[in-house]
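Trainee: Pasting a structure below so you can have a look.
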Amino acid sequence: MKLRLLFSILLFSVISFAQNGTVSGVILDKEMNNEPLPFANVMIKGSPQGTTTDENGKYSLTLKPGNYTIIFGYLGYENKEIAFSLKANEKKIINHTLEASGVQLKDIEIVQTILKEKESVLLQEQQKAVEFKQAIGAQELSRKGVSNAEAAVTKTSGVTKQQGVKNVIVRGLGDRYNSTSLNGLALPSDDPEYKNISLDFFGSELIQNVSINKTFSSNFLGDVGGANIDITSKELGKDKEIDINFSNGINTQTLGENFKLIDGTNWFGTQRTKNTISSITVYDFKNNLKPNEQNLQINNGFSISGGRKFNIGKGKLSLFLVGSLDNNYLYTEGNIKQTNSLGQVYLNQNFNKYNYNVSQLVMNNMKYKFGDGNSIALNNILIHNNNQSYGDYFGENNPEQTGDLELLVRQQVNDNLLFVNQLIGDFKLSEKIKYHIGLAFNTVTGNEPDRRSNNYLFRDGFFAPQTNSAGENERFYSNLKEKDYVANSFFTYDFGGENKTRIFELGGDVRYTKRDFQSIIFNHDFSTRTEIDVNNPDLIFNQASLDNGIFELETGRGTASNPRVFDPFTYNAVRFIGAGYGKYTHSFNENLVALVGLRGEFAFQEAKYDTNISNSATNGKANLEDLYLLPSLSLKYNFNENSILRFSSSKTYTYPQFKEIAPFKYQDVSFSSQGNPDLEPSENYNFDLKYERFFGNGELFSITGFGKQILNPIARSEIPSGGNTLTYLNIGERANVFGIELELRKNIINGQENETNKNLLSFGLNASYLFSEVNLDRNSVAQFTKKTSELEGATPLLINSDLTYTRKFKNESSLTSTLILNYFSDRVYSIGTRGFENIIEKSIPTLDFVAKLNLNKNYSLSLKGQNLLNPDFQLSRDGANNGENVVLRDFKRGVNLSLGFGISF
């Protein structure tokens with residue numbers, strides 16, 4: 001009886017299921033030229049049944065026979081209701097094209113966004129993804145007045161920037177532990193001191209969005225412990241468009257200053273770069289030591305972008321071009337100090353520093369879309385960045401000679417050129433199989449031409465160059481050339497059925513990088529004190545003084561008696577990475593999804609060097625070779641569609657960089673640094689647990705707990721030698737990092753769509769608390785002061801917050817105003833050695849204001865105020881002077897104000 005009952009129930013269920021029908025179709029986006037609209041909402045009116053479109057805009061629902069009304073919706077778009085009837089076993093197709101709502105359409109036309117630039121779209125992608133995702137798009141960049149990728153990522157939780165350091169710190173881990181890519185393809189560095197390229201090269205005019213991937217996935221290169229930062233370049237959104245933007249601005253403490261500019265440079269950022277000295281008896285330097293001067297410093301910005309789409313064959317070709325030029329001036333004045341091992345201050349100098357930066361950018365994006373989901377893209381980006389700084393430092397610099405003062409004048413130019421070439425293809429081989437391939441060839445040139453450092457002693461009432469210390473008066477030339485070849489490729493196979501996720505990805509990466517670096521140093525050896533006019537030092541530094549024996553000219557290798565006197569110092573390095581990986585995504589039920597990945601990666605690195613601290617006339621060599629197996633796991637559990645719990649764990653590694661293993665000595669104002677050929681790689685173990693709650697309309701609450709353990713960590717440390725020398729060491733057995741991140745996005749006022757004058761007020765907050773501890777190696781050559789320390793650059797408390805008010809008017813105009821607050825607490829700048837406590841970067845708040853008035857859909861005005869609080873930037877050595885703190889560096893940066901005008905048509 002029970003068996004017959006069970007059989008009857010099963011038979012009834014099968015019959016009932018067989019009588020169900022399906023409704024399916026494709027949702028298109030009118031604003032994007034009828035391209036598929038992913039993540040659109042599809043609901044059955046009066047029913048809990050619903051779904052969202054996939055990445056190709058497709059949806060499917062299974063329903064019982066009957067009469068229904070289907071609702072298509074998307075944030076910022078007009079909802080559409082369509083009534084239909086469904087018969088047993090019927091397969092009904094309902095396609096629709098959504099268009100932006102009246103108010104939102106104006107916003108789209110004004111800010112020139114495309115799909116993945118919108119905050120709401122990026123949030124929906126974050127919500128749907130199995131892995132951890134966080135991104136900031138062009139819409140949010142515009143709202144917050146963000147000018148480049150570096151400023152963009154520092155607006156996200158757990159990301160900050162350290163003064164004097166070019167790149168960002170993620171969860172307490174600096175440049176060494178992060179990686180940077182463009183459109184998913186790795187980018188090289190422009191600077192031998194760093195692993196990653198400077199993010200401020202990438203202006204907002206070429207950014208569609210910036211993703212900050214703080215958890216490892218097997219499709220990333222394994223040399224990452226903090227985050228992978230991936231920049232997606234802009235594509236053309238409409239059939240045709242042109243945007244032109246101008247801006248002018250000032251810095252409040254720079255505007256009227258008698259500004260000093262380095263001789264041999266110019267406003268556009270080109271300069272005389274070649275070393276022309278071929279004999280140490282001929283003084284043939286082309287640039288003067290005396291600077292040029294000007295009295296009015298106006299910051300300028302100009303950008304133009306535009307493109308058009310063309311129908312070619314059965315596909316569509318989009319062409320998008322961007323060009324920009326930006327320049328800015330900054331004058332700072334402050335004080336630097338240093339103490340000896342007894343805590344006595346021996347360096348106490350006031351400084352004036354004049355910094356001019358100019359950059360140009362040209363980008364080409366060509367993309368051809370054809371068939372069903374096929375595309376080929378060609379990206380070319382040329383970035384030129386030129387930074388010129390002139391600084392004078394005057395005061396005490398010798399505790400043994402009371403009454404003596406010193407003046408250091410340092411003139412430095414860093415000229416970098418990056419050329420990126422990418423070819424990216426995406427192909428839909430069948431309904432279930434897709435293929436991706438990316439190829440890149442990148443070149444970097446980094447020049448530091450004719451750096452001039454002169455040290456003058458003030459004694460007996462006059463200045464004179466330092467005697468018997470040739471390196472105190474130096475001219476330095478260096479050149480870096482790098483070629484970087486990158487390729488990645490993968491297949492995805494989707495064999496899941498209805499309401500099931502079964503996706504397998506198989507791929508691999510290859511990267512080959514070759515760097516050639518060389519430098520030559522010219523020193524001036526004064527045997528007797530010679531009075532000099534510090535305002536016109538070229539009266540002494542000339543051919544006549546060389547002929548008369550006032551000084552002798554040497555190179556870094558010595559005098560003419562050395563047959564290699566003109567041989568440059570060099571290091572030549574190569575790195576090869578080859579990897580294969582597999583990823584599998586599996587949904588156990590409608591709530592639980594897992595992604596498992598495994599990556600095998602072979603890494604080889606070698607640096608040959610012949611440098612200013614080599615012990616042999618022949619090249620030295622440092623090399624590493626390792627094979628890594630890097631597992632990763634991501635779990636996603638949906639309590640419901642809008643309430644999500646995520647977990648991630650992984651293993652990665654950290655390789656020393658070229659500069660860190662090549663023992664080349666680089667001299668800065670108050671310290672020198674050199675590489676360590678004995679460095680070993682680190683291994684990183686990473687864990688994350690995150691809860692997200694999505695409320696719709698761009699609202700979000702999330703909290704993340706994370707932990708990292710780094711074995712054999714690498715850090716920059718001081719070594720016990722003269723000249724405050726820094727090097728790179730494996731500083732201990734392990735480092736531990738634990739933290740909590742919080743993010744909140746809330747609409748305080750959200751006016752009705754049918755209001756004539758719509759008011760919106762939104763609030764954003766992200767904050768992080770970080771605990772870090774390094775077990776320091778007590779037997780290290782660095783002679784660490786303590787057994788443990790916080791990580792260098794780790795910020796215990798970090799807060800980013802913004803408040804945005806928008807008013808939209810009926811005549812296609814709108815006003816958007818945003819107030820942005822950032823704060824970081826005290827953090828370690830360098831780890832204490834030889835009895836010294838750590839050097840601390842003191843906490844500061846920064847406040848920015850951005851307002852944009854869209855007069856209509858074609859014209860806009862903008863006003864920016866940055867660093868409005870103008871806080872003191874300070875470095876302090878704890879307990880240096882009888883237990884009291886000594887401020888080692890103190891300066892202000894001034895307030896930046898700018899006014900911009902934009903045209904769109």
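Within each chain, counting starts at residue 1; across the structure tokens, chains are named A, B, ... in the order shown, with ligands numbered 1 upward in that order.
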Considering only C-alpha atoms, return as a count of residues only whatever protein or nucleic-acid residues lie within 9 Å of Tyr390 in chain A, sequence-local ones (same chain, fewer than 5 positions apart) excluded.

Mentor: 14

Trainee: Might you pull out every residue within 6 Å of range 295-310 of chain A, with only C-alpha atoms counted and same-chain residues fewer than 2 positions away left off, and present them as number ranges by chain?

Mentor: A: 239-250, 255-259, 316-328

Trainee: Dump N, CA and C atoms for the selected residues as an mmCIF file, in the first residue's frame?

Mentor:
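And here's again16.cif as it stands now:
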data_model
loop_
_atom_site.group_PDB
_atom_site.id
_atom_site.type_symbol
_atom_site.label_atom_id
_atom_site.label_comp_id
_atom_site.auth_asym_id
_atom_site.auth_seq_id
_atom_site.Cartn_x
_atom_site.Cartn_y
_atom_site.Cartn_z
ATOM 1 N N ASP A 239 27.177 55.532 -29.815
ATOM 2 C CA ASP A 239 27.583 55.420 -31.212
ATOM 3 C C ASP A 239 28.680 56.424 -31.543
ATOM 4 N N LYS A 240 28.616 57.601 -30.950
ATOM 5 C CA LYS A 240 29.676 58.580 -31.115
ATOM 6 C C LYS A 240 29.606 59.570 -29.960
ATOM 7 N N GLU A 241 30.766 60.060 -29.562
ATOM 8 C CA GLU A 241 30.812 61.005 -28.457
ATOM 9 C C GLU A 241 32.147 61.724 -28.460
ATOM 10 N N ILE A 242 32.146 62.925 -27.916
ATOM 11 C CA ILE A 242 33.372 63.705 -27.705
ATOM 12 C C ILE A 242 33.227 64.422 -26.371
ATOM 13 N N ASP A 243 34.272 64.338 -25.543
ATOM 14 C CA ASP A 243 34.328 65.056 -24.273
ATOM 15 C C ASP A 243 35.601 65.883 -24.240
ATOM 16 N N ILE A 244 35.477 67.135 -23.838
ATOM 17 C CA ILE A 244 36.630 68.019 -23.689
ATOM 18 C C ILE A 244 36.558 68.635 -22.296
ATOM 19 N N ASN A 245 37.658 68.608 -21.568
ATOM 20 C CA ASN A 245 37.695 69.145 -20.208
ATOM 21 C C ASN A 245 38.942 69.994 -20.005
ATOM 22 N N PHE A 246 38.723 71.170 -19.385
ATOM 23 C CA PHE A 246 39.817 72.056 -19.020
ATOM 24 C C PHE A 246 39.748 72.295 -17.511
ATOM 25 N N SER A 247 40.901 72.520 -16.898
ATOM 26 C CA SER A 247 40.895 72.922 -15.496
ATOM 27 C C SER A 247 42.121 73.781 -15.217
ATOM 28 N N ASN A 248 41.943 74.723 -14.295
ATOM 29 C CA ASN A 248 43.038 75.544 -13.789
ATOM 30 C C ASN A 248 42.941 75.571 -12.277
ATOM 31 N N GLY A 249 44.098 75.579 -11.615
ATOM 32 C CA GLY A 249 44.061 75.559 -10.167
ATOM 33 C C GLY A 249 45.318 76.131 -9.549
ATOM 34 N N ILE A 250 45.275 76.243 -8.233
ATOM 35 C CA ILE A 250 46.418 76.775 -7.495
ATOM 36 C C ILE A 250 46.629 75.954 -6.231
ATOM 37 N N LEU A 255 51.393 79.415 -4.883
ATOM 38 C CA LEU A 255 50.997 80.358 -5.927
ATOM 39 C C LEU A 255 51.970 81.526 -6.089
ATOM 40 N N GLY A 256 52.246 82.265 -5.026
ATOM 41 C CA GLY A 256 53.064 83.468 -5.132
ATOM 42 C C GLY A 256 54.520 83.270 -4.771
ATOM 43 N N GLU A 257 54.948 82.032 -4.595
ATOM 44 C CA GLU A 257 56.317 81.741 -4.184
ATOM 45 C C GLU A 257 57.285 81.993 -5.346
ATOM 46 N N ASN A 258 58.496 82.484 -5.005
ATOM 47 C CA ASN A 258 59.554 82.599 -6.001
ATOM 48 C C ASN A 258 60.059 81.191 -6.287
ATOM 49 N N PHE A 259 59.486 80.552 -7.299
ATOM 50 C CA PHE A 259 59.608 79.117 -7.525
ATOM 51 C C PHE A 259 60.874 78.805 -8.311
ATOM 52 N N LYS A 316 30.456 45.085 -35.265
ATOM 53 C CA LYS A 316 30.541 46.516 -35.008
ATOM 54 C C LYS A 316 31.904 46.837 -34.427
ATOM 55 N N LEU A 317 32.570 47.829 -35.006
ATOM 56 C CA LEU A 317 33.881 48.279 -34.551
ATOM 57 C C LEU A 317 33.727 49.589 -33.806
ATOM 58 N N SER A 318 34.249 49.637 -32.586
ATOM 59 C CA SER A 318 34.256 50.888 -31.825
ATOM 60 C C SER A 318 35.682 51.390 -31.716
ATOM 61 N N LEU A 319 35.845 52.681 -31.912
ATOM 62 C CA LEU A 319 37.143 53.336 -31.811
ATOM 63 C C LEU A 319 37.034 54.431 -30.767
ATOM 64 N N PHE A 320 37.912 54.367 -29.751
ATOM 65 C CA PHE A 320 37.868 55.341 -28.660
ATOM 66 C C PHE A 320 39.285 55.841 -28.399
ATOM 67 N N LEU A 321 39.454 57.168 -28.394
ATOM 68 C CA LEU A 321 40.765 57.783 -28.217
ATOM 69 C C LEU A 321 40.727 58.743 -27.032
ATOM 70 N N VAL A 322 41.829 58.800 -26.295
ATOM 71 C CA VAL A 322 41.957 59.705 -25.153
ATOM 72 C C VAL A 322 43.322 60.376 -25.226
ATOM 73 N N GLY A 323 43.337 61.669 -24.982
ATOM 74 C CA GLY A 323 44.585 62.404 -24.851
ATOM 75 C C GLY A 323 44.484 63.369 -23.689
ATOM 76 N N SER A 324 45.544 63.518 -22.918
ATOM 77 C CA SER A 324 45.478 64.425 -21.771
ATOM 78 C C SER A 324 46.853 64.979 -21.446
ATOM 79 N N LEU A 325 46.846 66.126 -20.790
ATOM 80 C CA LEU A 325 48.058 66.755 -20.257
ATOM 81 C C LEU A 325 47.710 67.376 -18.924
ATOM 82 N N ASP A 326 48.530 67.099 -17.907
ATOM 83 C CA ASP A 326 48.336 67.673 -16.578
ATOM 84 C C ASP A 326 49.672 68.147 -16.038
ATOM 85 N N ASN A 327 49.652 69.303 -15.397
ATOM 86 C CA ASN A 327 50.864 69.747 -14.714
ATOM 87 C C ASN A 327 50.491 70.425 -13.403
ATOM 88 N N ASN A 328 51.365 70.317 -12.407
ATOM 89 C CA ASN A 328 51.099 70.955 -11.123
ATOM 90 C C ASN A 328 52.397 71.310 -10.428
#

Trainee: So how many Å separate CA of Asp610 in chain A and CA of Val282 in chain A, to one decimal?

Mentor: 25.8 Å

Trainee: Excluding range 376-385 of chain A and residues on its chain fewer than 5 positions from it, collect all residues at most 8 Å away from it, counting only C-alpha atoms, and give them as a list in words.

Mentor: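 Using only C-alpha atoms, the neighbours found are Phe201, Gly269, Asn357, Val358, Ser359, Gln360, Leu361, Val362, Met363, Asn364, Asn365, Met366, Lys367, Tyr368, Lys369, Asp415, Asn416, Leu417, Leu418, Phe419, Val420, Asn421, Gln422, Leu423, Ile424, Gly425 and Asp426 of chain A.
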
Trainee: Restrict the selected residues to N, CA and C atoms and save them as a compact mmCIF listing (two decimals), in the first residue's frame.

Mentor:
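Generated output (selection_33.txt):
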# COMPACT_ATOMS: atom_id res chain seq x y z
N PHE A 201 49.86 57.36 -12.64
CA PHE A 201 49.99 57.49 -14.08
C PHE A 201 48.65 57.39 -14.78
N GLY A 269 58.14 68.99 -19.90
CA GLY A 269 58.72 67.80 -19.28
C GLY A 269 59.75 67.09 -20.11
N ASN A 357 55.53 68.71 -11.57
CA ASN A 357 55.20 67.44 -12.21
C ASN A 357 54.34 67.70 -13.44
N VAL A 358 54.68 67.02 -14.52
CA VAL A 358 53.89 67.13 -15.75
C VAL A 358 53.77 65.75 -16.36
N SER A 359 52.61 65.44 -16.89
CA SER A 359 52.40 64.14 -17.52
C SER A 359 51.52 64.29 -18.75
N GLN A 360 51.79 63.43 -19.74
CA GLN A 360 50.98 63.36 -20.94
C GLN A 360 50.54 61.91 -21.15
N LEU A 361 49.37 61.75 -21.69
CA LEU A 361 48.82 60.41 -21.91
C LEU A 361 48.09 60.36 -23.24
N VAL A 362 48.29 59.27 -23.95
CA VAL A 362 47.53 58.99 -25.18
C VAL A 362 47.07 57.54 -25.09
N MET A 363 45.78 57.30 -25.31
CA MET A 363 45.24 55.95 -25.29
C MET A 363 44.39 55.71 -26.52
N ASN A 364 44.55 54.51 -27.06
CA ASN A 364 43.72 54.05 -28.16
C ASN A 364 43.03 52.75 -27.74
N ASN A 365 41.72 52.69 -27.90
CA ASN A 365 40.98 51.46 -27.64
C ASN A 365 40.15 51.15 -28.88
N MET A 366 40.45 50.02 -29.49
CA MET A 366 39.67 49.54 -30.64
C MET A 366 39.09 48.19 -30.28
N LYS A 367 37.79 48.04 -30.47
CA LYS A 367 37.15 46.78 -30.14
C LYS A 367 36.16 46.41 -31.23
N TYR A 368 36.30 45.19 -31.72
CA TYR A 368 35.40 44.68 -32.77
C TYR A 368 34.58 43.55 -32.19
N LYS A 369 33.24 43.75 -32.17
CA LYS A 369 32.32 42.73 -31.67
C LYS A 369 31.58 42.10 -32.84
N ASP A 415 62.30 60.95 -15.16
CA ASP A 415 61.58 60.99 -16.42
C ASP A 415 61.24 59.57 -16.84
N ASN A 416 59.95 59.25 -16.88
CA ASN A 416 59.50 57.89 -17.14
C ASN A 416 58.58 57.85 -18.35
N LEU A 417 58.76 56.82 -19.17
CA LEU A 417 57.92 56.62 -20.34
C LEU A 417 57.47 55.17 -20.38
N LEU A 418 56.17 54.97 -20.40
CA LEU A 418 55.57 53.64 -20.44
C LEU A 418 54.77 53.49 -21.72
N PHE A 419 55.00 52.38 -22.42
CA PHE A 419 54.25 52.09 -23.65
C PHE A 419 53.64 50.70 -23.49
N VAL A 420 52.30 50.64 -23.46
CA VAL A 420 51.56 49.40 -23.26
C VAL A 420 50.84 49.03 -24.55
N ASN A 421 50.98 47.77 -24.96
CA ASN A 421 50.30 47.27 -26.15
C ASN A 421 49.62 45.95 -25.80
N GLN A 422 48.31 45.89 -25.96
CA GLN A 422 47.56 44.70 -25.59
C GLN A 422 46.64 44.27 -26.73
N LEU A 423 46.58 42.96 -26.93
CA LEU A 423 45.63 42.36 -27.87
C LEU A 423 44.84 41.31 -27.10
N ILE A 424 43.52 41.51 -27.02
CA ILE A 424 42.67 40.67 -26.18
C ILE A 424 41.52 40.12 -27.01
N GLY A 425 41.32 38.82 -26.94
CA GLY A 425 40.23 38.19 -27.67
C GLY A 425 39.34 37.36 -26.77
N ASP A 426 38.03 37.47 -26.97
CA ASP A 426 37.04 36.66 -26.27
C ASP A 426 36.13 36.02 -27.31

Trainee: Which residue is closest to Lys690 in chain A? Choose from A:Ser702, A:Thr22, A:Thr785, A:Asn730 and count only C-alpha atoms.

Mentor: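 Once distances to Lys690 in chain A are computed over only C-alpha atoms, the minimum belongs to A:Ser702.
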
Trainee: Show which residues sit within 10 Å of Lys428 in chain A, as an MDAnalysis selection string. Count only C-alpha atoms, and ignore same-chain residues fewer than 6 positions away.

Mentor: chainID A and resid 371:375 434:436 491:492

Trainee: Take the residues from that selection and put them in a file with N, CA and C atoms, as a PDB file, in the first residue's frame.

Mentor:
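Listing of part_4.pdb after writing:
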ATOM      1  N   GLY A 371      29.273  38.350 -34.160  1.00  0.00           N
ATOM      2  CA  GLY A 371      28.622  37.103 -33.797  1.00  0.00           C
ATOM      3  C   GLY A 371      27.969  37.191 -32.430  1.00  0.00           C
ATOM      4  N   ASP A 372      27.850  36.055 -31.791  1.00  0.00           N
ATOM      5  CA  ASP A 372      27.206  35.959 -30.481  1.00  0.00           C
ATOM      6  C   ASP A 372      28.273  35.883 -29.392  1.00  0.00           C
ATOM      7  N   GLY A 373      28.662  37.051 -28.831  1.00  0.00           N
ATOM      8  CA  GLY A 373      29.597  37.074 -27.723  1.00  0.00           C
ATOM      9  C   GLY A 373      31.056  37.009 -28.104  1.00  0.00           C
ATOM     10  N   ASN A 374      31.422  37.371 -29.349  1.00  0.00           N
ATOM     11  CA  ASN A 374      32.815  37.360 -29.778  1.00  0.00           C
ATOM     12  C   ASN A 374      33.344  38.788 -29.875  1.00  0.00           C
ATOM     13  N   SER A 375      34.594  38.985 -29.489  1.00  0.00           N
ATOM     14  CA  SER A 375      35.191  40.311 -29.593  1.00  0.00           C
ATOM     15  C   SER A 375      36.708  40.210 -29.647  1.00  0.00           C
ATOM     16  N   LYS A 434      33.643  28.865 -23.767  1.00  0.00           N
ATOM     17  CA  LYS A 434      34.173  30.179 -24.124  1.00  0.00           C
ATOM     18  C   LYS A 434      35.696  30.143 -24.015  1.00  0.00           C
ATOM     19  N   TYR A 435      36.320  31.020 -24.804  1.00  0.00           N
ATOM     20  CA  TYR A 435      37.775  31.065 -24.829  1.00  0.00           C
ATOM     21  C   TYR A 435      38.244  32.506 -24.745  1.00  0.00           C
ATOM     22  N   HIS A 436      39.289  32.712 -23.930  1.00  0.00           N
ATOM     23  CA  HIS A 436      39.878  34.048 -23.775  1.00  0.00           C
ATOM     24  C   HIS A 436      41.373  33.959 -24.003  1.00  0.00           C
ATOM     25  N   PHE A 491      40.089  28.556 -21.067  1.00  0.00           N
ATOM     26  CA  PHE A 491      38.796  28.054 -21.543  1.00  0.00           C
ATOM     27  C   PHE A 491      37.860  27.971 -20.344  1.00  0.00           C
ATOM     28  N   THR A 492      36.593  28.285 -20.548  1.00  0.00           N
ATOM     29  CA  THR A 492      35.568  28.005 -19.549  1.00  0.00           C
ATOM     30  C   THR A 492      34.518  27.093 -20.163  1.00  0.00           C
TER      31      THR A 492
END

Trainee: Hey, what does DSSP flag as strand (DSSP E or B) within range 575-694 of chain A? Can you give it to me as a VMD selection string?

Mentor: chain A and resid 575 to 587 592 to 610 620 to 640 643 to 654 666 to 667 672 to 673 682 to 694

Trainee: Write a file of the just-selected residues containing C-alpha atoms, as a short mmCIF file (atom, residue, chain, number, x, y, z; two decimals), in the first residue's frame.

Mentor:
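For reference, part20.cif as written:
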data_model
loop_
_atom_site.label_atom_id
_atom_site.label_comp_id
_atom_site.auth_asym_id
_atom_site.auth_seq_id
_atom_site.Cartn_x
_atom_site.Cartn_y
_atom_site.Cartn_z
CA ARG A 575 62.45 37.02 -14.63
CA PHE A 576 60.40 34.18 -16.10
CA ILE A 577 57.06 32.97 -14.79
CA GLY A 578 55.18 30.04 -16.29
CA ALA A 579 51.94 28.79 -14.77
CA GLY A 580 48.93 26.60 -15.35
CA TYR A 581 45.72 26.56 -13.33
CA GLY A 582 42.29 25.05 -12.98
CA LYS A 583 39.14 26.47 -11.33
CA TYR A 584 35.87 24.72 -10.67
CA THR A 585 32.66 26.41 -9.52
CA HIS A 586 29.91 24.18 -8.10
CA SER A 587 26.52 25.05 -6.59
CA LEU A 592 25.68 27.39 -1.34
CA VAL A 593 28.33 27.79 -4.05
CA ALA A 594 32.00 26.76 -3.89
CA LEU A 595 34.94 27.67 -6.09
CA VAL A 596 38.08 25.55 -5.85
CA GLY A 597 41.29 26.46 -7.62
CA LEU A 598 44.81 25.10 -7.96
CA ARG A 599 47.70 26.90 -9.59
CA GLY A 600 51.13 25.51 -10.40
CA GLU A 601 53.70 28.25 -10.96
CA PHE A 602 57.39 28.09 -11.87
CA ALA A 603 59.41 31.22 -11.10
CA PHE A 604 62.97 31.98 -12.13
CA GLN A 605 64.85 35.21 -11.48
CA GLU A 606 68.46 36.22 -12.04
CA ALA A 607 70.34 39.48 -11.63
CA LYS A 608 73.90 40.04 -12.78
CA TYR A 609 75.52 43.11 -11.31
CA ASP A 610 78.63 45.23 -11.47
CA GLY A 620 78.26 39.19 -9.40
CA LYS A 621 75.10 37.15 -9.67
CA ALA A 622 71.97 36.56 -7.61
CA ASN A 623 69.43 34.02 -8.71
CA LEU A 624 66.30 32.25 -7.45
CA GLU A 625 64.35 29.30 -8.84
CA ASP A 626 61.17 27.87 -7.30
CA LEU A 627 58.12 25.77 -8.11
CA TYR A 628 54.90 26.58 -6.21
CA LEU A 629 51.58 24.79 -5.83
CA LEU A 630 49.04 27.43 -4.84
CA PRO A 631 45.56 26.21 -3.77
CA SER A 632 42.59 28.54 -3.27
CA LEU A 633 39.04 28.11 -2.00
CA SER A 634 36.04 30.44 -2.08
CA LEU A 635 32.65 29.68 -0.51
CA LYS A 636 29.49 31.74 -0.91
CA TYR A 637 26.34 31.17 1.12
CA ASN A 638 23.16 33.14 0.37
CA PHE A 639 20.86 33.48 3.36
CA ASN A 640 18.66 35.12 0.73
CA SER A 643 22.25 38.59 2.41
CA ILE A 644 25.53 36.80 1.69
CA LEU A 645 28.31 35.13 3.67
CA ARG A 646 31.67 34.53 1.96
CA PHE A 647 34.84 32.66 2.91
CA SER A 648 38.19 32.52 1.16
CA SER A 649 41.56 30.91 1.83
CA SER A 650 44.69 30.64 -0.29
CA LYS A 651 48.44 30.31 -0.45
CA THR A 652 50.67 32.74 -2.38
CA TYR A 653 54.32 33.79 -2.44
CA THR A 654 56.41 36.97 -2.57
CA TYR A 666 71.37 54.72 -4.20
CA GLN A 667 72.01 57.97 -2.30
CA SER A 672 71.29 55.53 1.17
CA SER A 673 69.80 52.21 0.13
CA SER A 682 58.32 34.67 1.37
CA GLU A 683 55.26 32.42 1.52
CA ASN A 684 51.84 33.84 2.41
CA TYR A 685 48.77 32.11 3.87
CA ASN A 686 45.57 34.13 3.53
CA PHE A 687 42.08 33.84 5.10
CA ASP A 688 38.95 36.01 4.72
CA LEU A 689 35.39 35.86 6.06
CA LYS A 690 32.88 38.46 4.85
CA TYR A 691 29.20 39.22 5.39
CA GLU A 692 27.37 41.44 2.88
CA ARG A 693 23.86 42.88 2.99
CA PHE A 694 22.54 44.55 -0.18
#

Trainee: Could you give me, as a PyMOL selection string, the residues within 12 Å of range 787-790 of chain A, counting only C-alpha atoms and dropping anything in the same chain fewer than 4 positions from it?

Mentor: chain A and resi 172-173+715+731-738+770-780+783+794-796+826-833+835+837-840

Trainee: Which of these, A:Leu875, A:Ala88, A:Leu98, A:Ile44, has the shortest distance to Gly57 in chain A once you count only C-alpha atoms?

Mentor: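 Ranked by minimum distance to Gly57 in chain A, first place goes to A:Leu98.
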
Trainee: Name all residues at most 8 Å from Leu744 in chain A (count only C-alpha atoms; drop same-chain ones fewer than 3 positions away) and give them as an MDAnalysis selection string.

Mentor: chainID A and resid 699:702 763:766

Trainee: Separation of CA of Arg557 in chain A and CA of Gly471 in chain A, in Å?

Mentor: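 According to the coordinates, CA of Arg557 in chain A and CA of Gly471 in chain A are separated by 11.5 Å.
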
Trainee: Would you write out, as a tab-separated table, a table of all residues in range 467-522 of chain A that have an atom no more than 9 Å from an atom of range 175-199 of chain A, listing for each the closest atom pair and the distance in Å to one decimal, considering only C-alpha atoms and ordering rows by chain and rising residue number?

Mentor:
residue	atom	partner	partner_atom	distance
A:Leu480	CA	A:Pro192	CA	7.6
A:Glu482	CA	A:Pro188	CA	8.2
A:Lys483	CA	A:Pro188	CA	8.4
A:Asp484	CA	A:Pro188	CA	6.7
A:Val486	CA	A:Ala186	CA	6.8
A:Ala487	CA	A:Leu185	CA	7.4
A:Asn488	CA	A:Leu185	CA	7.5
A:Arg511	CA	A:Ala186	CA	8.4
A:Thr513	CA	A:Pro188	CA	8.2
A:Phe517	CA	A:Pro192	CA	8.4
